[in-house]
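These notes are about the structure you will find just below.
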Protein chains: 2
Amino acid sequence: MTEKKHQSTFCCQHSGGNDQACVSLVPIFNHLENDQLNEIMQTVKSVRFNKGEFIYTADDEVDSLYIVSEGKIKIFHLSESGKELLIRVLQPGDFTGELALFQDSIHKGFAQTVIDTQVCVIKRSILQELLLKYPSISLKILAEFASRLEKSEKQTIRYATEKVETRIALYLAECMHITPASNEIKLPVSYKDLASYLGTTPESISRTLTRFEEQGFIKKEKQHVLEILDLDGLLLV
Amino acid sequence: MTEKKHQSTFCCQHSGGNDQACVSLVPIFNHLENDQLNEIMQTVKSVRFNKGEFIYTADDEVDSLYIVSEGKIKIFHLSESGKELLIRVLQPGDFTGELALFQDSIHKGFAQTVIDTQVCVIKRSILQELLLKYPSISLKILAEFASRLEKSEKQTIRYATEKVETRIALYLAECMHITPASNEIKLPVSYKDLASYLGTTPESISRTLTRFEEQGFIKKEKQHVLEILDLDGLLLV
DNA sequence: TGTAAAACTTGACTGTAATCAAGTTAATTG
DNA sequence: CAATTAACTTGATTACAGTCAAGTTTTACA
């Protein structure tokens, strides 16, 4: 059972877990004893979604926590002016729905599968029982929230202060950091979605990556796959 | 004792509380019984900071939760390229330090007083005892984190998708929403800091507000005070 | 209250990146 | 595997907003 550093890394691909294992993949549960895990697994329903299906949409009632056991889900919001913004991409072990469980009980964003996806579903009422029964879960979720908040604020700061070229460079550097073994980066989504995540346009992504390649910082291997040749150079743009 | 909707509203001025009352002002505590509140107040230290002093700076060890009982504190971060970004302004009843308490135990940002400020300090170890003794506090903090996360993501979306003029209009609208009784908005900080919060420059703030005034959306009363004349018009820019 | 400093305003200029458009490549699917 | 669609590339143009500079107003404080 591998410990994950963060939820929604957005960079590299994880190997999928099986239906039963999804609970044990999640940081908020994987500190529990085996028999406690088994007890939780009993209460979990496994559901399959086809590519492009919505798990939930904005304004839906929140009544469940969704854990990805296989596949990929993108979470996006609509801005005040109707533009789409990708918030994160969930991979196996990541989860969603937790925010609204403690807050408004209405979803603010959209969750849509990128490929065929298997999710584990925990009902709100069952989760609340679990929080009472195992208080350590609350602390885990607090840590998870703190981590998410930190990431979100970091992202906010980047949007507000860095230019597009720098944001793209920082994004690539972050991907490298997550898979340090290899210099190869596999983008989890299309340029269109990546542009939406980085607050720019597909054209700008294309131009910038081409420029990075001309400058010898990266090499485009094939669609969605890049090789980082000069990380330090990249971070000095 | 008034209930506050959010931490760090960043828009309107609150009336200050006294030393003893600060604990009861905070959403994470104000659901507790009076004798429980009194117990917590015993453990709290009250500290005074002069204008411009730092409560903490980035890379400081985290060992306390700070609750503002009087005054104003700005929380800002530095971006990768060294630019300053204002994250929020704390007013009486708001608190800071909670994030790192559950996470890295190192501060990522800076907390600096804007005017002379009185804060209540709760030591990390005491807060942790409180969390064990009163589990409902954890749930309150979870809700608080959820709210903060939602706000942060909303702000992120704005930076990423809206132009400066729209961001300023949305900011003003939000201030209106917090003080619906009056059409008057009192900006909590200088244009320089507001620009840092909205990811723009003081010049752009000045120009935009002048344009809004020419268009009849607002009226500049005096420095830091605006009157909103046409909220709907403002939101259609 | 007078002086210095800070905050704000306005103008001119510049650069980044968005938009629009058309063409190319890659992926999907019947 | 061919056909259709989606994704990406490249170019030309535009505009938003940042920067620099100089002047004005307001605030702070000695």
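The way I read the labels, and the way they are meant: chains A, B, ... in the order of the structure tokens, residue 1 as the first residue of every chain, and ligand 1 as the first ligand shown, with later ones counted on from there.
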task: Quick one: pick out all strand (DSSP E or B) residues within region 72-218 of chain A from a backbone DSSP run and write them as a PyMOL selection string.
output: chain A and resi 73-78+84-90+95-96+106+110-113+117-123+184-186+218
Return chain B as a short mmCIF file (atom, residue, chain, number, x, y, z; two decimals) with C-alpha atoms, in the first residue's frame, after superposing it on chain A by a least-squares fit that covers all C-alpha atoms paired in order.
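Wrote it out as superposed06.cif, contents follow:
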data_model
loop_
_atom_site.label_atom_id
_atom_site.label_comp_id
_atom_site.auth_asym_id
_atom_site.auth_seq_id
_atom_site.Cartn_x
_atom_site.Cartn_y
_atom_site.Cartn_z
CA MET B 1 0.04 -0.21 -0.62
CA THR B 2 1.82 2.97 -1.56
CA GLU B 3 1.41 6.18 0.39
CA LYS B 4 0.44 9.17 -1.74
CA LYS B 5 1.80 12.61 -0.99
CA HIS B 6 -1.11 14.67 -2.31
CA GLN B 7 -4.53 14.32 -3.69
CA SER B 8 -5.04 15.33 -7.29
CA THR B 9 -1.45 15.54 -8.43
CA PHE B 10 -2.53 16.43 -11.95
CA CYS B 11 0.74 15.39 -13.47
CA CYS B 12 1.59 11.73 -13.70
CA GLN B 13 -0.43 8.59 -14.23
CA HIS B 14 -1.04 6.16 -11.41
CA SER B 15 -1.67 2.49 -11.77
CA GLY B 16 -5.25 1.68 -11.03
CA GLY B 17 -6.37 -0.14 -7.92
CA ASN B 18 -9.07 -2.78 -7.76
CA ASP B 19 -12.58 -2.24 -6.43
CA GLN B 20 -11.95 -3.43 -2.93
CA ALA B 21 -8.66 -1.62 -2.54
CA CYS B 22 -9.88 1.89 -3.24
CA VAL B 23 -10.62 2.63 0.39
CA SER B 24 -7.14 1.66 1.43
CA LEU B 25 -5.67 3.94 -1.25
CA VAL B 26 -7.12 7.11 0.21
CA PRO B 27 -4.92 9.06 2.63
CA ILE B 28 -7.86 9.76 4.90
CA PHE B 29 -8.39 6.04 5.52
CA ASN B 30 -5.08 4.32 4.93
CA HIS B 31 -3.81 4.87 8.48
CA LEU B 32 -6.55 2.64 9.86
CA GLU B 33 -6.15 -0.99 10.96
CA ASN B 34 -7.03 -3.75 8.54
CA ASP B 35 -10.25 -4.78 10.24
CA GLN B 36 -11.38 -1.16 10.35
CA LEU B 37 -10.62 -0.85 6.64
CA ASN B 38 -12.60 -3.99 5.96
CA GLU B 39 -15.52 -2.59 7.89
CA ILE B 40 -15.47 0.53 5.76
CA MET B 41 -15.14 -1.43 2.53
CA GLN B 42 -18.40 -3.21 3.40
CA THR B 43 -20.25 0.10 3.24
CA VAL B 44 -18.78 1.19 -0.07
CA LYS B 45 -20.51 0.89 -3.40
CA SER B 46 -18.49 0.56 -6.59
CA VAL B 47 -19.88 2.31 -9.66
CA ARG B 48 -18.69 2.44 -13.26
CA PHE B 49 -18.91 5.56 -15.43
CA ASN B 50 -18.30 5.69 -19.16
CA LYS B 51 -15.98 8.23 -20.74
CA GLY B 52 -17.45 11.71 -20.74
CA GLU B 53 -20.13 11.00 -18.13
CA PHE B 54 -20.73 13.41 -15.26
CA ILE B 55 -20.36 12.15 -11.68
CA TYR B 56 -22.03 15.36 -10.53
CA THR B 57 -22.69 18.82 -11.90
CA ALA B 58 -22.90 22.25 -10.27
CA ASP B 59 -25.98 22.77 -8.09
CA ASP B 60 -26.37 19.03 -7.50
CA GLU B 61 -27.09 18.00 -3.93
CA VAL B 62 -24.06 16.51 -2.23
CA ASP B 63 -24.65 13.19 -0.60
CA SER B 64 -21.58 11.13 -1.28
CA LEU B 65 -17.83 11.00 -1.24
CA TYR B 66 -16.37 9.62 -4.48
CA ILE B 67 -13.05 7.79 -4.54
CA VAL B 68 -11.46 7.00 -7.90
CA SER B 69 -10.42 3.36 -8.04
CA GLU B 70 -9.66 3.29 -11.76
CA GLY B 71 -9.72 5.89 -14.54
CA LYS B 72 -9.57 9.65 -14.53
CA ILE B 73 -11.98 12.43 -13.58
CA LYS B 74 -11.67 16.13 -14.25
CA ILE B 75 -13.11 18.68 -11.85
CA PHE B 76 -13.92 22.02 -13.43
CA HIS B 77 -15.82 25.15 -12.55
CA LEU B 78 -17.47 27.89 -14.52
CA SER B 79 -16.39 31.47 -13.86
CA GLU B 80 -18.79 34.37 -13.38
CA SER B 81 -18.52 35.10 -17.08
CA GLY B 82 -19.13 31.49 -18.06
CA LYS B 83 -15.61 30.41 -18.90
CA GLU B 84 -14.57 26.90 -17.98
CA LEU B 85 -11.68 26.42 -15.59
CA LEU B 86 -10.13 23.06 -14.83
CA ILE B 87 -9.46 22.79 -11.12
CA ARG B 88 -7.86 19.38 -10.89
CA VAL B 89 -7.71 15.92 -12.40
CA LEU B 90 -8.44 12.99 -10.14
CA GLN B 91 -6.57 9.75 -10.61
CA PRO B 92 -6.85 6.44 -8.74
CA GLY B 93 -6.70 7.12 -5.00
CA ASP B 94 -7.93 10.69 -5.31
CA PHE B 95 -11.37 11.63 -4.10
CA THR B 96 -13.97 14.36 -4.47
CA GLY B 97 -17.16 15.50 -2.82
CA GLU B 98 -15.55 16.03 0.55
CA LEU B 99 -15.71 19.81 0.38
CA ALA B 100 -19.43 20.13 0.10
CA LEU B 101 -19.93 17.45 2.74
CA PHE B 102 -18.77 19.93 5.36
CA GLN B 103 -20.10 23.03 3.76
CA ASP B 104 -23.04 23.96 1.61
CA SER B 105 -24.18 20.51 0.54
CA ILE B 106 -24.42 21.86 -2.99
CA HIS B 107 -21.74 21.14 -5.58
CA LYS B 108 -20.09 24.26 -6.99
CA GLY B 109 -18.24 22.49 -9.79
CA PHE B 110 -18.52 19.68 -12.31
CA ALA B 111 -16.97 16.23 -12.15
CA GLN B 112 -16.65 14.51 -15.53
CA THR B 113 -14.80 11.35 -16.45
CA VAL B 114 -11.97 11.69 -18.98
CA ILE B 115 -11.88 7.95 -19.71
CA ASP B 116 -13.94 5.01 -18.49
CA THR B 117 -13.78 5.21 -14.72
CA GLN B 118 -14.58 3.12 -11.68
CA VAL B 119 -15.42 4.97 -8.47
CA CYS B 120 -16.14 3.94 -4.90
CA VAL B 121 -19.04 5.79 -3.36
CA ILE B 122 -19.49 6.46 0.36
CA LYS B 123 -22.80 7.94 1.43
CA ARG B 124 -22.72 11.13 3.45
CA SER B 125 -24.50 9.57 6.43
CA ILE B 126 -22.06 6.69 6.53
CA LEU B 127 -19.08 9.03 6.38
CA GLN B 128 -20.49 11.02 9.26
CA GLU B 129 -20.84 7.85 11.31
CA LEU B 130 -17.25 7.02 10.47
CA LEU B 131 -16.08 10.44 11.65
CA LEU B 132 -17.74 9.86 15.02
CA LYS B 133 -16.46 6.30 15.33
CA TYR B 134 -12.89 7.04 14.22
CA PRO B 135 -11.99 10.62 15.18
CA SER B 136 -8.56 10.21 13.61
CA ILE B 137 -10.26 10.42 10.22
CA SER B 138 -11.24 14.02 10.99
CA LEU B 139 -7.64 14.89 11.65
CA LYS B 140 -6.62 13.24 8.38
CA ILE B 141 -9.22 15.22 6.49
CA LEU B 142 -8.06 18.39 8.24
CA ALA B 143 -4.54 17.70 7.04
CA GLU B 144 -5.85 16.96 3.56
CA PHE B 145 -7.83 20.21 3.52
CA ALA B 146 -4.81 22.13 4.77
CA SER B 147 -2.76 20.66 1.94
CA ARG B 148 -5.42 21.47 -0.64
CA LEU B 149 -5.78 24.99 0.68
CA GLU B 150 -2.05 25.53 0.47
CA LYS B 151 -2.03 24.27 -3.12
CA SER B 152 -4.97 26.39 -4.06
CA GLU B 153 -3.39 29.53 -2.61
CA LYS B 154 -0.15 28.74 -4.38
CA GLN B 155 -2.01 28.39 -7.64
CA THR B 156 -3.84 31.64 -6.97
CA ILE B 157 -0.54 33.40 -6.40
CA ARG B 158 0.76 32.07 -9.69
CA TYR B 159 -2.20 33.26 -11.68
CA ALA B 160 -2.00 36.65 -10.03
CA THR B 161 1.72 37.28 -10.35
CA GLU B 162 3.35 35.10 -13.00
CA LYS B 163 3.10 35.37 -16.75
CA VAL B 164 1.87 32.49 -18.87
CA GLU B 165 5.34 31.29 -19.85
CA THR B 166 6.37 31.06 -16.18
CA ARG B 167 3.18 29.30 -15.18
CA ILE B 168 3.78 26.65 -17.83
CA ALA B 169 7.42 26.24 -16.78
CA LEU B 170 6.40 25.89 -13.12
CA TYR B 171 3.78 23.36 -14.07
CA LEU B 172 6.31 21.23 -15.92
CA ALA B 173 8.74 21.52 -13.01
CA GLU B 174 6.04 20.32 -10.66
CA CYS B 175 5.36 17.30 -12.85
CA MET B 176 9.08 16.51 -12.79
CA HIS B 177 9.07 16.75 -9.04
CA ILE B 178 6.32 14.17 -8.79
CA THR B 179 8.04 11.66 -11.05
CA PRO B 180 11.70 12.33 -10.32
CA ALA B 181 12.80 8.92 -11.54
CA SER B 182 12.27 9.85 -15.18
CA ASN B 183 12.69 12.96 -17.30
CA GLU B 184 9.56 12.06 -19.19
CA ILE B 185 6.33 13.88 -18.50
CA LYS B 186 2.99 12.51 -19.58
CA LEU B 187 0.40 15.26 -19.70
CA PRO B 188 -2.84 13.95 -18.20
CA VAL B 189 -5.14 15.97 -20.45
CA SER B 190 -5.32 17.78 -23.79
CA TYR B 191 -3.78 21.22 -24.40
CA LYS B 192 -7.29 22.59 -24.28
CA ASP B 193 -7.82 21.32 -20.74
CA LEU B 194 -4.29 22.14 -19.67
CA ALA B 195 -4.79 25.67 -20.93
CA SER B 196 -7.96 25.85 -18.88
CA TYR B 197 -6.03 24.69 -15.82
CA LEU B 198 -3.23 27.20 -16.35
CA GLY B 199 -5.51 30.09 -17.22
CA THR B 200 -4.36 30.42 -20.82
CA THR B 201 -5.21 29.17 -24.33
CA PRO B 202 -4.22 26.04 -26.29
CA GLU B 203 -2.42 28.30 -28.79
CA SER B 204 -0.27 29.82 -26.07
CA ILE B 205 0.57 26.39 -24.69
CA SER B 206 1.59 25.20 -28.13
CA ARG B 207 3.70 28.29 -28.86
CA THR B 208 5.36 28.24 -25.46
CA LEU B 209 6.27 24.55 -25.60
CA THR B 210 7.65 25.05 -29.12
CA ARG B 211 9.77 27.91 -27.80
CA PHE B 212 10.95 25.79 -24.87
CA GLU B 213 11.97 23.12 -27.37
CA GLU B 214 13.87 25.65 -29.52
CA GLN B 215 15.64 26.83 -26.39
CA GLY B 216 16.64 23.26 -25.59
CA PHE B 217 14.70 23.03 -22.35
CA ILE B 218 12.40 20.24 -23.43
CA LYS B 219 11.82 17.77 -26.24
CA LYS B 220 8.38 16.86 -27.53
CA GLU B 221 8.32 13.07 -27.79
CA LYS B 222 4.81 12.52 -29.03
CA GLN B 223 1.41 13.94 -28.23
CA HIS B 224 1.09 14.42 -24.47
CA VAL B 225 4.62 13.23 -23.79
CA LEU B 226 7.55 15.57 -23.13
CA GLU B 227 11.10 15.06 -22.06
CA ILE B 228 12.68 17.61 -19.76
CA LEU B 229 16.23 18.37 -20.89
CA ASP B 230 17.13 21.41 -18.79
CA LEU B 231 15.01 21.93 -15.70
CA ASP B 232 17.15 24.76 -14.36
CA GLY B 233 16.97 26.63 -17.64
CA LEU B 234 13.22 26.14 -17.65
CA LEU B 235 12.90 27.70 -14.22
CA LEU B 236 14.85 30.80 -15.23
CA VAL B 237 12.47 31.88 -18.00
#
How close does chain C get to chain B? List, as CSV, each residue of chain C within 12 Å, its nearest atom pair and the distance in Å to one decimal, counting only C-alpha atoms (C1' of nucleotides).
residue,atom,partner,partner_atom,distance
C:DA6,C1',B:Ser190,CA,10.4
C:DA7,C1',B:Ser190,CA,7.7
C:DC8,C1',B:Ser206,CA,7.4
C:DT9,C1',B:Ser206,CA,7.1
C:DT10,C1',B:Arg207,CA,8.5
C:DG11,C1',B:Arg207,CA,11.4
C:DA18,C1',B:Lys163,CA,11.2
Write a file of the selected residues as a tab-separated table (two decimals), in the first residue's frame, keeping N, CA and C atoms (P, O5', C5', C4', C3', O3' and C1' of nucleotides).
chain	number	residue	atom	x	y	z
C	6	DA	P	7.71	56.92	2.99
C	6	DA	O5'	6.21	56.52	2.65
C	6	DA	C5'	5.18	56.78	3.61
C	6	DA	C4'	3.87	57.01	2.90
C	6	DA	C3'	3.55	55.99	1.81
C	6	DA	O3'	2.37	55.31	2.21
C	6	DA	C1'	3.12	58.22	1.08
C	7	DA	P	1.70	54.18	1.34
C	7	DA	O5'	0.62	54.99	0.51
C	7	DA	C5'	-0.36	55.76	1.20
C	7	DA	C4'	-1.22	56.46	0.19
C	7	DA	C3'	-1.71	55.56	-0.94
C	7	DA	O3'	-3.13	55.66	-0.99
C	7	DA	C1'	-0.76	57.55	-1.81
C	8	DC	P	-3.98	54.76	-1.98
C	8	DC	O5'	-4.22	55.71	-3.22
C	8	DC	C5'	-4.86	56.96	-3.00
C	8	DC	C4'	-4.65	57.87	-4.19
C	8	DC	C3'	-5.17	57.34	-5.52
C	8	DC	O3'	-6.27	58.13	-5.92
C	8	DC	C1'	-3.11	58.48	-5.75
C	9	DT	P	-7.01	57.86	-7.31
C	9	DT	O5'	-6.21	58.77	-8.32
C	9	DT	C5'	-6.34	60.18	-8.24
C	9	DT	C4'	-5.67	60.83	-9.43
C	9	DT	C3'	-6.18	60.39	-10.80
C	9	DT	O3'	-6.59	61.55	-11.48
C	9	DT	C1'	-3.81	60.29	-10.72
C	10	DT	P	-7.56	61.51	-12.73
C	10	DT	O5'	-6.55	61.63	-13.96
C	10	DT	C5'	-5.60	62.69	-13.96
C	10	DT	C4'	-4.51	62.40	-14.96
C	10	DT	C3'	-4.96	61.74	-16.25
C	10	DT	O3'	-4.80	62.69	-17.29
C	10	DT	C1'	-2.92	60.82	-15.44
C	11	DG	P	-5.16	62.37	-18.82
C	11	DG	O5'	-3.72	62.01	-19.40
C	11	DG	C5'	-2.64	62.92	-19.19
C	11	DG	C4'	-1.39	62.40	-19.85
C	11	DG	C3'	-1.61	61.70	-21.20
C	11	DG	O3'	-0.66	62.18	-22.13
C	11	DG	C1'	-0.37	60.30	-19.75
C	18	DA	P	-3.50	34.15	-22.98
C	18	DA	O5'	-4.92	34.59	-23.54
C	18	DA	C5'	-5.48	35.82	-23.09
C	18	DA	C4'	-6.29	36.45	-24.20
C	18	DA	C3'	-7.14	35.46	-25.00
C	18	DA	O3'	-8.49	35.90	-25.07
C	18	DA	C1'	-5.74	36.73	-26.46
field: chain D residues near chain A (10 Å cut-off, only C-alpha atoms (C1' of nucleotides)) as an MDAnalysis selection string
entry: chainID D and resid 7:10
Show which residues sit within 10 Å of DT14 (chain C), as a PDB file with N, CA, C and O atoms (P, O5', C5', C4', C3', O3' and C1' of nucleotides), in the first residue's frame. Count only C-alpha atoms (C1' of nucleotides), and ignore same-chain residues fewer than 2 positions away.
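Wrote it out as selection28.pdb, contents follow:
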ATOM      1  P    DA C  12      -0.747  61.785 -23.671  1.00  0.00           P
ATOM      2  O5'  DA C  12       0.545  60.849 -23.790  1.00  0.00           O
ATOM      3  C5'  DA C  12       1.788  61.293 -23.233  1.00  0.00           C
ATOM      4  C4'  DA C  12       2.835  60.221 -23.486  1.00  0.00           C
ATOM      5  C3'  DA C  12       2.705  59.511 -24.829  1.00  0.00           C
ATOM      6  O3'  DA C  12       4.004  59.314 -25.367  1.00  0.00           O
ATOM      7  C1'  DA C  12       2.573  57.923 -23.090  1.00  0.00           C
ATOM      8  P    DT C  16       7.182  40.525 -23.681  1.00  0.00           P
ATOM      9  O5'  DT C  16       6.077  39.657 -22.929  1.00  0.00           O
ATOM     10  C5'  DT C  16       5.442  40.191 -21.788  1.00  0.00           C
ATOM     11  C4'  DT C  16       3.976  39.823 -21.825  1.00  0.00           C
ATOM     12  C3'  DT C  16       3.727  38.375 -22.280  1.00  0.00           C
ATOM     13  O3'  DT C  16       2.972  37.748 -21.269  1.00  0.00           O
ATOM     14  C1'  DT C  16       2.364  39.904 -23.502  1.00  0.00           C
TER      15       DT C  16
ATOM     16  P    DG D  18      -2.054  44.741 -14.878  1.00  0.00           P
ATOM     17  O5'  DG D  18      -0.464  44.787 -14.877  1.00  0.00           O
ATOM     18  C5'  DG D  18       0.253  43.854 -15.687  1.00  0.00           C
ATOM     19  C4'  DG D  18       1.516  44.507 -16.225  1.00  0.00           C
ATOM     20  C3'  DG D  18       2.264  45.355 -15.201  1.00  0.00           C
ATOM     21  O3'  DG D  18       3.638  44.979 -15.162  1.00  0.00           O
ATOM     22  C1'  DG D  18       1.813  46.639 -17.162  1.00  0.00           C
ATOM     23  P    DT D  19       4.548  45.598 -14.010  1.00  0.00           P
ATOM     24  O5'  DT D  19       5.380  46.733 -14.764  1.00  0.00           O
ATOM     25  C5'  DT D  19       5.966  46.444 -16.025  1.00  0.00           C
ATOM     26  C4'  DT D  19       6.534  47.723 -16.617  1.00  0.00           C
ATOM     27  C3'  DT D  19       7.269  48.606 -15.602  1.00  0.00           C
ATOM     28  O3'  DT D  19       8.546  48.921 -16.136  1.00  0.00           O
ATOM     29  C1'  DT D  19       5.678  49.878 -16.838  1.00  0.00           C
TER      30       DT D  19
END
field: Shell of 10 Å around DT5 (chain D), only C-alpha atoms (C1' of nucleotides), local chain residues under 2 positions omitted, as a PyMOL selection string
entry: (chain C and resi 27-29) or (chain D and resi 3+7)
- request: Give the alpha helix (DSSP H) residues of region 49-236 of chain A, as DSSP finds them on the backbone, and put them as number ranges by chain.
  value: A: 98-101, 124-133, 136-161, 164-178, 191-198, 202-214, 231-235
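The shortest atom-to-atom distance to DT19 (chain C), with only C-alpha atoms (C1' of nucleotides) taken into account, belongs to D:DT13 out of D:DC20, D:DA30, D:DT13, D:DA2.
Picture a line from C1' of DA22 (chain D) to C1' of DA5 (chain C); it runs 16.7 Å.
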